[in-house]
Amino acid sequence: MKAVSGKTSLHLILISVILASLLLGACAKATEEPASSETTPGGNSFSGLKLVAPAPYDPPIEMHSVINVDATVKFLDGTDIQNNVWTRAYAELLGIRLSYDWVVDSSMYNQKLSLSVNSGDIPDMFRVTADQFLLYQEAGLLADLTAAYENEASPQTRDIMTQDPIALKSAMVDGKLYGLPLTDASVAYASVLWVRQDWLDQLGLPAPVSMADFQEISRRFMQDDPDGNGVADTIGLCVSKSIWNSSYNLQGYFNGYHAYPTAWFERDGTVVYGSVQPEMRDALLALQKMYASGELDQEFGVKDVNAVNETVAQGKCGMEFGVWWNPYHPLSLSQQNNPTAFWSAFPIPSIDATPAKSQYNSAIGSYLVIRNGYEHPEALIRMANFWTDNLVGSQDEAVRNTLLGDLDAPDVVLYKYTPIQLWEPNAPIKAGNALREALAKHDPSGLDLEAQWRYRIIQAYFEQGVLEAWVEVATNGPNGASAILQQILDDRGLMNRFYGPPTPTMATKFPALQSMESEMIIKVIMGDPISKFDEFVEDWYRLGGTEITAEVNQWAVNNP
Amino acid sequence: MKRKEKQPLLKQSHLPLILLGAVMALFGLASALVWSISSSQAMRGLITAGQLRTRIAAFESTGGLITGIAFFVLFLWCIVLSRHGARAAFIVGIFASFAPILTARAEPLLFDTLHLQLPAGSVVAGALATLVFALPMTIFFIILASSPRVPRNCRWVSLAAILIVLGTAFFPILVTVFAFLIKPGDPAVGRMMEVGSQVIKLRYILPGICLLLLAFFSQRFQARRVTGEASQTSTTQGVTQ
């Protein structure tokens with residue numbers, strides 16, 4: 001009897017196991033259902049959240065503003081640009097009733113703002129470009145924020161402002177602060193060299209250190225059929241016709257020759273324009289040679305970024321100069337047809353023993369300003385503090401989900417409802433360093449939520465062989481691209497010396513000069529004689545370059 | 001209904017089963033060690049991602065081939081020495097021999113030979129190699145667990161082994177699919193990935209230990225039966241006398 005009972009129970013358990021196995025997927029799906037959060041973005045209370053905010057204005061103050069909202073910005077049910085989580089947060093937590101007098105698409109914003117200001121209908125708080133900033137300040141339309149900033153700015157806000165050395169400087173006129181610069185990571189726009197690491201390994205080539213290494217790799221990538229299809233269809237260096245783009249650009253290549261096209265930099269005590277300097281000549285000749293040998297796409301002069309993306313997706317591209325986040329896009333496309341594709345980032349190789357410097361521009365392109373005469377200029381600083389203290393200084397998951405958006409509605413990006421967005425300039429470097437430290441220690445506990453996720457992804461690559469995770473490894477992993485950003489920030493970068501609004505001659509003549517410049521570069525690479533460059537230099541100075549250089553130097557004297 | 005007499009898994013010697021379990025566990029252990037050491041070096045930046053992959057590929061290619069052949073020979077030996085349900089189980093189990101061989105070759109097979117274009121290609125390739133191991137092994141253990149001739153302890157071990165094989169094989173894949181395709185960025189999935197990266201190391205070790213346990217219990221059953229038969233014989237002889 002006992003034996004029969006044991007046998008029966010064994011069968012029952014066995015059946016249960018099989019049923020459980022069959023239901024595994026469903027069970028797993030059930031456990032993945034999101035838990036409801038304590039405070040939802042659509043709710044009316046922030047009481048459940050750990051938020052940093054000063055005592056609200058009592059009675060609440062009114063603030064009129066204007067904003068651009070693209071068609072892609074989505075709202076949760078029952079919310080709109082006038083009534084959303086940010087307007088409620090400002091009202092309930094800061095006592096600032098923010099309303100927008102008008103809302104337009106981004107493409108229309110500057111035009112609408114000009115009309116509005118010219119007609120005397122000036123918002124209390126609004127965003128301006130660098131040239132608008134100068135124009136309105138000179139017209140006396142902007143409030144002096146110096147005292148408000150000194151008295152109200154939180155340590156977190158001050159830290160962000162000082163991370164970019166030109167942030168506050170660019171918003172000051174005669175030592176007074178007239179705007180709050182909208183910060184971002186300037187160094188993130190510096191170029192690095194991206195190389196198909198799997199091709200390097202396959203051909204047994206060393207990492208590129210010098211431009212000679214680079215040229216050798218380019219040649220071998222073109223000649224040695226690294227994709228193994230038996231057809232000579234691979235390209236050494238991918239370039240698009242938009243030669244100063246964030247991907248497939250050429251400034252990285254020029255930087256290897258210590259040439260800095262489109263950038264202003266100091267040389268022998270004066271500020272000079274990089275595109276007309278003699279270093280450009282050697283780089284152009286080298287590129288011309290690469291093109292003639294087939295290492296560059298023979299049609300690059302007519303291929304836009306999308307067309308080059310296709311080349312990358314087909315697995316025909318071996319190298320490119322681009323920014324540190326290129327693996328997220330467009331280089332991730334290379335895995336469409338080749339799951340083993342892996343790109344590695346390298347500092348820009350140098351033509352000689354002097355390390356090459358990557359050029360980049362200031363990311364500060366716009367400012368938040370307060371109308372002169374508005375009673376509470378400090379309100380802007382408090383709103384900025386609210387952003388920095390709660391979203392930059394804190395990693396509280398509930399707060400971030402509430403104010404930024406969460407995975408349950410990934411297409412609803414909540415922070416786009418506010419014009420006050422101050423991104424940390426050193427964020428990519430800090431995040432990358434923290435991540436690499438955690439990886440070395442095998443301990444992600446000190447990381448914020450986003451970094452912890454990246455840690456898991458990198459771990460999946462290294463410990464489970466999930467090749468799709470290469471994007472994160474290449475950007476934030478050991479020896480990843482964000483580590484190169486630190487070097488660029490330290491001593492291997494060159495920031496455009498000119499970060500002000502366009503000078504008078506620049507505003508009228510520079511676009512034509514820039515167009516002439518790109519055209520000349522592409523034509524010389526594709527076979528025009530190098531004398532075209534010399535002609536361009538002469539024309540550039542003759543057609544306004546001399547005046548522009550003088551104006552830029554005058555600006556540099558005023559903005560040391 | 002006639003009650004079927006329980007029998008040890010193998011006639012005569014359990015050596016092939018012991019060797020099979022040991023080889024499986026050792027391959028798993030070696031694989032886990034190579035992955036752990038190499039990934040640790042890569043995560044500290046001591047070797048590049050490319051060097052890591054070259055090292056892993058070399059191990060899985062050579063080690064996988066040797067292990068796969070060893071599995072095949074040992075399963076074959078077990079088939080020869082087994083009867084009834086156990087033999088059926090070993091016949092199914094022999095298909096798991098292809099898994100270690102396939103581990104390093106799944107990606108070239110799918111993408112270079114068959115020219116498939118799939119999202120999350122390496123996950124699919126990993127899943128294929130896992131399936132080739134997990135499916136025969138799961139059926140192997142199901143047959144043993146449900147076979148009335150198999151000693152009871154062996155059936156309990158087999159029952160537990162079904163869960164182990166399924167868990168170690170599919171949990172990491174499930175988590176990876178969630179992480180990369182269904183819920184990227186979800187912190188809960190991130191924590192599961194941490195577990196998944198540890199679980200994956202047990203993929204061969206635990207089933208190997210289960211085989212060793214099977215061998216142990218089967219051998220003990222055999223020993224007891226021999227002792228029982230001997231005492232029964234002596235008792236019968238005594239009664240006869």
# chains A, B, ... in the order shown; residues from 1 in each chain; ligands from 1
>>> interface_residues(of="chain A", to="chain B", cutoff="7 Å", atoms="only C-alpha atoms", output="CSV table (one decimal) with N, CA and C atoms, in the first residue's frame")
chain,number,residue,atom,x,y,z
A,11,HIS,N,3.8,10.3,-9.4
A,11,HIS,CA,3.2,10.6,-10.7
A,11,HIS,C,2.5,12.0,-10.7
A,14,LEU,N,5.1,14.6,-10.9
A,14,LEU,CA,5.7,14.6,-12.2
A,14,LEU,C,4.8,15.4,-13.2
A,197,GLN,N,36.2,46.1,-34.4
A,197,GLN,CA,37.2,45.3,-33.6
A,197,GLN,C,37.3,43.9,-34.1
A,198,ASP,N,36.1,43.3,-34.5
A,198,ASP,CA,36.1,41.9,-35.0
A,198,ASP,C,37.0,41.8,-36.2
A,201,ASP,N,40.7,42.0,-35.1
A,201,ASP,CA,41.1,40.7,-34.5
A,201,ASP,C,41.3,39.7,-35.6
A,336,GLN,N,22.8,44.0,-37.7
A,336,GLN,CA,21.6,43.5,-38.4
A,336,GLN,C,21.9,42.3,-39.3
A,337,ASN,N,23.1,42.4,-39.9
A,337,ASN,CA,23.5,41.3,-40.8
A,337,ASN,C,24.6,40.5,-40.3
A,339,PRO,N,25.8,39.3,-36.5
A,339,PRO,CA,25.7,39.4,-35.0
A,339,PRO,C,27.0,39.5,-34.3
A,407,LEU,N,8.9,53.2,-17.6
A,407,LEU,CA,8.9,52.2,-18.7
A,407,LEU,C,7.5,51.8,-19.1
A,439,LEU,N,32.3,47.7,-12.3
A,439,LEU,CA,32.7,46.5,-13.1
A,439,LEU,C,34.0,45.9,-12.6
A,440,ALA,N,34.9,46.7,-12.3
A,440,ALA,CA,36.2,46.2,-11.8
A,440,ALA,C,36.0,45.6,-10.4
A,449,LEU,N,20.2,53.9,-10.7
A,449,LEU,CA,19.3,52.9,-11.4
A,449,LEU,C,19.7,52.7,-12.9
A,453,TRP,N,21.5,49.3,-14.6
A,453,TRP,CA,21.0,48.6,-15.8
A,453,TRP,C,22.1,48.4,-16.8
A,456,ARG,N,24.3,45.6,-15.8
A,456,ARG,CA,23.8,44.3,-16.1
A,456,ARG,C,24.0,43.9,-17.6
A,460,ALA,N,26.1,40.9,-19.0
A,460,ALA,CA,25.5,39.9,-19.9
A,460,ALA,C,26.4,39.6,-21.1
A,462,PHE,N,29.8,40.0,-21.0
A,462,PHE,CA,31.0,39.4,-20.6
A,462,PHE,C,30.8,38.0,-20.0
A,463,GLU,N,29.7,37.8,-19.3
A,463,GLU,CA,29.4,36.6,-18.5
A,463,GLU,C,28.5,35.6,-19.3
A,464,GLN,N,27.7,36.1,-20.2
A,464,GLN,CA,26.8,35.2,-20.9
A,464,GLN,C,27.0,35.2,-22.4
A,466,VAL,N,26.2,37.5,-24.5
A,466,VAL,CA,25.1,38.2,-25.2
A,466,VAL,C,25.7,39.3,-26.1
A,467,LEU,N,25.9,39.0,-27.4
A,467,LEU,CA,26.7,39.9,-28.2
A,467,LEU,C,25.9,41.2,-28.5
A,468,GLU,N,24.6,41.2,-28.3
A,468,GLU,CA,23.8,42.4,-28.6
A,468,GLU,C,24.2,43.5,-27.6
A,478,PRO,N,34.8,48.7,-19.9
A,478,PRO,CA,36.3,48.9,-19.8
A,478,PRO,C,36.8,49.4,-21.1
A,479,ASN,N,37.7,50.4,-21.1
A,479,ASN,CA,38.2,50.9,-22.3
A,479,ASN,C,37.2,51.5,-23.3
>>> residues_around(residues="Val132 in chain B", least_positions_apart="2", cutoff="6 Å", atoms="only C-alpha atoms", output="list in words")
Ala96, Ala99, Ala129, Thr130, Ala134 and Leu135 of chain B
>>> write_last_selection(atoms="N, CA, C and O atoms", output="short mmCIF file (atom, residue, chain, number, x, y, z; two decimals), in the first residue's frame")
data_model
loop_
_atom_site.label_atom_id
_atom_site.label_comp_id
_atom_site.auth_asym_id
_atom_site.auth_seq_id
_atom_site.Cartn_x
_atom_site.Cartn_y
_atom_site.Cartn_z
N ALA B 96 21.91 14.90 -26.47
CA ALA B 96 22.50 16.03 -25.75
C ALA B 96 24.00 16.15 -26.03
O ALA B 96 24.61 17.19 -25.75
N ALA B 99 25.20 19.15 -27.98
CA ALA B 99 25.14 20.51 -27.43
C ALA B 99 26.50 21.15 -27.21
O ALA B 99 26.72 22.28 -27.68
N ALA B 129 21.71 26.21 -28.84
CA ALA B 129 22.65 25.30 -28.20
C ALA B 129 22.09 24.78 -26.88
O ALA B 129 22.23 23.60 -26.54
N THR B 130 21.41 25.66 -26.16
CA THR B 130 20.80 25.27 -24.89
C THR B 130 19.70 24.25 -25.11
O THR B 130 19.57 23.27 -24.37
N ALA B 134 19.13 20.86 -23.37
CA ALA B 134 18.06 20.79 -22.38
C ALA B 134 16.92 19.86 -22.81
O ALA B 134 16.37 19.13 -21.97
N LEU B 135 16.59 19.88 -24.07
CA LEU B 135 15.44 19.08 -24.51
C LEU B 135 15.68 17.58 -24.33
O LEU B 135 14.88 16.90 -23.66
#
>>> select_by_dssp(residues="range 476-550 of chain A", states="alpha helix (DSSP H)", output="MDAnalysis selection string")
chainID A and resid 476 481:490 504:525 531:540 546:550
>>> residues_around(residues="Arg400 in chain A", least_positions_apart="3", cutoff="12 Å", atoms="only C-alpha atoms", output="ChimeraX atom specification")
/A:37,39-41,49-51,85,387-397,403-407,413-415,448-450
>>> residues_around(residues="Val157 in chain B", least_positions_apart="3", cutoff="8 Å", atoms="only C-alpha atoms", output="NGL selection string")
:B and (145 or 153-154 or 160-161 or 210 or 213-214)
>>> atom_distance(atom1="CA of Ala474 in chain A", atom2="CA of Ile348 in chain A")
15.8 Å
>>> residues_around(residues="range 505-512 of chain A", least_positions_apart="4", cutoff="10 Å", atoms="only C-alpha atoms", output="list in words")
Asp131, Pro501, Met516, Glu517, Trp540, Leu543, Gly544, Gly545, Thr546, Glu547, Ile548, Thr549, Ala550, Glu551 and Val552 of chain A
>>> select_by_dssp(residues="range 260-331 of chain A", states="strand (DSSP E or B)", output="PyMOL selection string")
chain A and resi 264-267+270-273+296+317-322
>>> write_last_selection(atoms="C-alpha atoms", output="mmCIF file, in the first residue's frame")
data_model
loop_
_atom_site.group_PDB
_atom_site.id
_atom_site.type_symbol
_atom_site.label_atom_id
_atom_site.label_comp_id
_atom_site.auth_asym_id
_atom_site.auth_seq_id
_atom_site.Cartn_x
_atom_site.Cartn_y
_atom_site.Cartn_z
ATOM 1 C CA TRP A 264 38.380 78.830 -33.793
ATOM 2 C CA PHE A 265 41.481 78.377 -31.683
ATOM 3 C CA GLU A 266 44.353 80.423 -30.336
ATOM 4 C CA ARG A 267 47.671 80.410 -32.150
ATOM 5 C CA THR A 270 45.484 85.423 -31.819
ATOM 6 C CA VAL A 271 42.348 83.466 -32.567
ATOM 7 C CA VAL A 272 42.457 81.789 -35.971
ATOM 8 C CA TYR A 273 39.982 79.833 -38.060
ATOM 9 C CA LEU A 296 36.721 55.730 -49.110
ATOM 10 C CA CYS A 317 32.249 49.745 -43.256
ATOM 11 C CA GLY A 318 35.472 49.297 -41.274
ATOM 12 C CA MET A 319 36.044 52.640 -39.554
ATOM 13 C CA GLU A 320 34.386 55.958 -38.934
ATOM 14 C CA PHE A 321 34.992 59.132 -36.998
ATOM 15 C CA GLY A 322 32.057 59.980 -34.794
#
>>> atom_distance(atom1="CA of Gly432 in chain A", atom2="CA of Tyr455 in chain A")
10.2 Å
>>> atom_distance(atom1="CA of Ala171 in chain A", atom2="CA of Asp70 in chain A")
26.5 Å
>>> residues_around(residues="Pro278 in chain A", least_positions_apart="4", cutoff="12 Å", atoms="only C-alpha atoms", output="list in words")
Phe254, Tyr257, His258, Ala259, Tyr260, Pro261, Val272, Tyr273, Gly274, Asp282, Ala283, Leu284, Leu285, Ile530, Phe533, Asp534, Phe536 and Val537 of chain A
>>> residues_around(residues="Pro123 in chain A", least_positions_apart="4", cutoff="9 Å", atoms="only C-alpha atoms", output="PyMOL selection string")
chain A and resi 63-66+100-101+116-117+370-371
>>> write_last_selection(atoms="N, CA and C atoms", output="compact mmCIF listing (two decimals), in the first residue's frame")
# COMPACT_ATOMS: atom_id res chain seq x y z
N MET A 63 3.42 83.06 -13.19
CA MET A 63 4.53 83.20 -14.13
C MET A 63 4.04 82.83 -15.54
N HIS A 64 4.14 83.76 -16.45
CA HIS A 64 3.75 83.49 -17.83
C HIS A 64 4.99 83.13 -18.63
N SER A 65 4.85 82.09 -19.41
CA SER A 65 5.99 81.67 -20.23
C SER A 65 5.51 81.27 -21.62
N VAL A 66 6.44 80.81 -22.42
CA VAL A 66 6.11 80.28 -23.75
C VAL A 66 6.94 79.01 -23.94
N TYR A 100 1.48 78.92 -20.03
CA TYR A 100 2.11 79.24 -21.30
C TYR A 100 1.18 80.09 -22.15
N ASP A 101 1.68 81.25 -22.56
CA ASP A 101 0.86 82.15 -23.38
C ASP A 101 0.68 81.61 -24.79
N SER A 116 6.57 88.07 -30.78
CA SER A 116 5.97 88.34 -29.48
C SER A 116 6.71 89.47 -28.76
N VAL A 117 8.04 89.37 -28.75
CA VAL A 117 8.84 90.37 -28.05
C VAL A 117 8.74 91.73 -28.77
N ILE A 370 14.63 85.98 -17.73
CA ILE A 370 13.46 86.55 -17.04
C ILE A 370 13.25 87.96 -17.57
N ARG A 371 12.00 88.29 -17.79
CA ARG A 371 11.67 89.65 -18.28
C ARG A 371 12.09 90.69 -17.26
>>> closest_residue(among="B:Leu110, B:Leu20, B:Ile69, B:Leu81", to="Phe98 in chain B", atoms="only C-alpha atoms")
B:Ile69
>>> closest_residue(among="A:Leu237, A:Leu177, A:Ala434, A:Leu93", to="Trp194 in chain A", atoms="only C-alpha atoms")
A:Leu237
>>> decode(residues="range 356-367 of chain A", atoms="all heavy atoms", output="PDB file, in the first residue's frame")
ATOM      1  N   ALA A 356      47.028  63.776 -30.706  1.00  0.00           N
ATOM      2  CA  ALA A 356      46.012  64.559 -31.418  1.00  0.00           C
ATOM      3  C   ALA A 356      44.938  65.018 -30.443  1.00  0.00           C
ATOM      4  O   ALA A 356      44.675  64.358 -29.433  1.00  0.00           O
ATOM      5  CB  ALA A 356      45.392  63.697 -32.509  1.00  0.00           C
ATOM      6  N   LYS A 357      44.349  66.159 -30.730  1.00  0.00           N
ATOM      7  CA  LYS A 357      43.265  66.684 -29.895  1.00  0.00           C
ATOM      8  C   LYS A 357      41.954  66.649 -30.674  1.00  0.00           C
ATOM      9  O   LYS A 357      41.923  67.055 -31.837  1.00  0.00           O
ATOM     10  CB  LYS A 357      43.582  68.115 -29.477  1.00  0.00           C
ATOM     11  CG  LYS A 357      44.733  68.212 -28.485  1.00  0.00           C
ATOM     12  CD  LYS A 357      44.933  69.635 -28.025  1.00  0.00           C
ATOM     13  CE  LYS A 357      46.004  69.667 -26.935  1.00  0.00           C
ATOM     14  NZ  LYS A 357      46.211  71.003 -26.404  1.00  0.00           N
ATOM     15  N   SER A 358      40.901  66.184 -29.996  1.00  0.00           N
ATOM     16  CA  SER A 358      39.583  66.164 -30.640  1.00  0.00           C
ATOM     17  C   SER A 358      38.921  67.520 -30.437  1.00  0.00           C
ATOM     18  O   SER A 358      38.823  68.002 -29.307  1.00  0.00           O
ATOM     19  CB  SER A 358      38.693  65.097 -30.001  1.00  0.00           C
ATOM     20  OG  SER A 358      39.245  63.839 -30.175  1.00  0.00           O
ATOM     21  N   GLN A 359      38.439  68.077 -31.522  1.00  0.00           N
ATOM     22  CA  GLN A 359      37.787  69.377 -31.396  1.00  0.00           C
ATOM     23  C   GLN A 359      36.312  69.211 -31.034  1.00  0.00           C
ATOM     24  O   GLN A 359      35.690  68.192 -31.360  1.00  0.00           O
ATOM     25  CB  GLN A 359      37.905  70.148 -32.703  1.00  0.00           C
ATOM     26  CG  GLN A 359      37.080  69.540 -33.836  1.00  0.00           C
ATOM     27  CD  GLN A 359      37.215  70.336 -35.114  1.00  0.00           C
ATOM     28  OE1 GLN A 359      38.202  70.207 -35.824  1.00  0.00           O
ATOM     29  NE2 GLN A 359      36.214  71.153 -35.415  1.00  0.00           N
ATOM     30  N   TYR A 360      35.772  70.174 -30.326  1.00  0.00           N
ATOM     31  CA  TYR A 360      34.337  70.156 -30.017  1.00  0.00           C
ATOM     32  C   TYR A 360      33.861  71.566 -29.726  1.00  0.00           C
ATOM     33  O   TYR A 360      34.661  72.455 -29.424  1.00  0.00           O
ATOM     34  CB  TYR A 360      34.013  69.207 -28.864  1.00  0.00           C
ATOM     35  CG  TYR A 360      34.695  69.496 -27.553  1.00  0.00           C
ATOM     36  CD1 TYR A 360      34.020  70.155 -26.526  1.00  0.00           C
ATOM     37  CD2 TYR A 360      36.000  69.087 -27.314  1.00  0.00           C
ATOM     38  CE1 TYR A 360      34.634  70.406 -25.313  1.00  0.00           C
ATOM     39  CE2 TYR A 360      36.627  69.342 -26.110  1.00  0.00           C
ATOM     40  CZ  TYR A 360      35.940  70.001 -25.109  1.00  0.00           C
ATOM     41  OH  TYR A 360      36.561  70.257 -23.911  1.00  0.00           O
ATOM     42  N   ASN A 361      32.562  71.731 -29.834  1.00  0.00           N
ATOM     43  CA  ASN A 361      31.949  73.043 -29.580  1.00  0.00           C
ATOM     44  C   ASN A 361      31.254  73.031 -28.237  1.00  0.00           C
ATOM     45  O   ASN A 361      30.929  71.966 -27.696  1.00  0.00           O
ATOM     46  CB  ASN A 361      30.911  73.349 -30.661  1.00  0.00           C
ATOM     47  CG  ASN A 361      31.558  73.528 -32.014  1.00  0.00           C
ATOM     48  OD1 ASN A 361      32.672  74.045 -32.122  1.00  0.00           O
ATOM     49  ND2 ASN A 361      30.878  73.074 -33.048  1.00  0.00           N
ATOM     50  N   SER A 362      31.011  74.206 -27.723  1.00  0.00           N
ATOM     51  CA  SER A 362      30.230  74.315 -26.495  1.00  0.00           C
ATOM     52  C   SER A 362      28.817  73.836 -26.772  1.00  0.00           C
ATOM     53  O   SER A 362      28.246  74.137 -27.825  1.00  0.00           O
ATOM     54  CB  SER A 362      30.191  75.763 -26.028  1.00  0.00           C
ATOM     55  OG  SER A 362      29.205  75.910 -25.032  1.00  0.00           O
ATOM     56  N   ALA A 363      28.263  73.085 -25.825  1.00  0.00           N
ATOM     57  CA  ALA A 363      26.896  72.585 -26.002  1.00  0.00           C
ATOM     58  C   ALA A 363      25.866  73.646 -25.621  1.00  0.00           C
ATOM     59  O   ALA A 363      24.665  73.424 -25.783  1.00  0.00           O
ATOM     60  CB  ALA A 363      26.688  71.344 -25.153  1.00  0.00           C
ATOM     61  N   ILE A 364      26.342  74.752 -25.098  1.00  0.00           N
ATOM     62  CA  ILE A 364      25.386  75.768 -24.637  1.00  0.00           C
ATOM     63  C   ILE A 364      24.941  76.604 -25.826  1.00  0.00           C
ATOM     64  O   ILE A 364      25.726  77.353 -26.409  1.00  0.00           O
ATOM     65  CB  ILE A 364      25.998  76.641 -23.539  1.00  0.00           C
ATOM     66  CG1 ILE A 364      26.192  75.755 -22.313  1.00  0.00           C
ATOM     67  CG2 ILE A 364      25.098  77.831 -23.206  1.00  0.00           C
ATOM     68  CD1 ILE A 364      26.990  76.346 -21.239  1.00  0.00           C
ATOM     69  N   GLY A 365      23.678  76.416 -26.152  1.00  0.00           N
ATOM     70  CA  GLY A 365      23.155  77.138 -27.310  1.00  0.00           C
ATOM     71  C   GLY A 365      21.971  78.006 -26.959  1.00  0.00           C
ATOM     72  O   GLY A 365      21.531  78.825 -27.757  1.00  0.00           O
ATOM     73  N   SER A 366      21.444  77.814 -25.764  1.00  0.00           N
ATOM     74  CA  SER A 366      20.276  78.619 -25.389  1.00  0.00           C
ATOM     75  C   SER A 366      20.266  78.889 -23.885  1.00  0.00           C
ATOM     76  O   SER A 366      20.971  78.219 -23.103  1.00  0.00           O
ATOM     77  CB  SER A 366      18.988  77.933 -25.838  1.00  0.00           C
ATOM     78  OG  SER A 366      18.961  76.610 -25.392  1.00  0.00           O
ATOM     79  N   TYR A 367      19.460  79.881 -23.519  1.00  0.00           N
ATOM     80  CA  TYR A 367      19.431  80.377 -22.137  1.00  0.00           C
ATOM     81  C   TYR A 367      17.987  80.596 -21.702  1.00  0.00           C
ATOM     82  O   TYR A 367      17.138  80.929 -22.525  1.00  0.00           O
ATOM     83  CB  TYR A 367      20.173  81.723 -22.048  1.00  0.00           C
ATOM     84  CG  TYR A 367      21.587  81.657 -22.571  1.00  0.00           C
ATOM     85  CD1 TYR A 367      21.851  81.759 -23.937  1.00  0.00           C
ATOM     86  CD2 TYR A 367      22.650  81.477 -21.707  1.00  0.00           C
ATOM     87  CE1 TYR A 367      23.138  81.678 -24.429  1.00  0.00           C
ATOM     88  CE2 TYR A 367      23.953  81.405 -22.193  1.00  0.00           C
ATOM     89  CZ  TYR A 367      24.188  81.503 -23.552  1.00  0.00           C
ATOM     90  OH  TYR A 367      25.462  81.419 -24.027  1.00  0.00           O
TER      91      TYR A 367
END
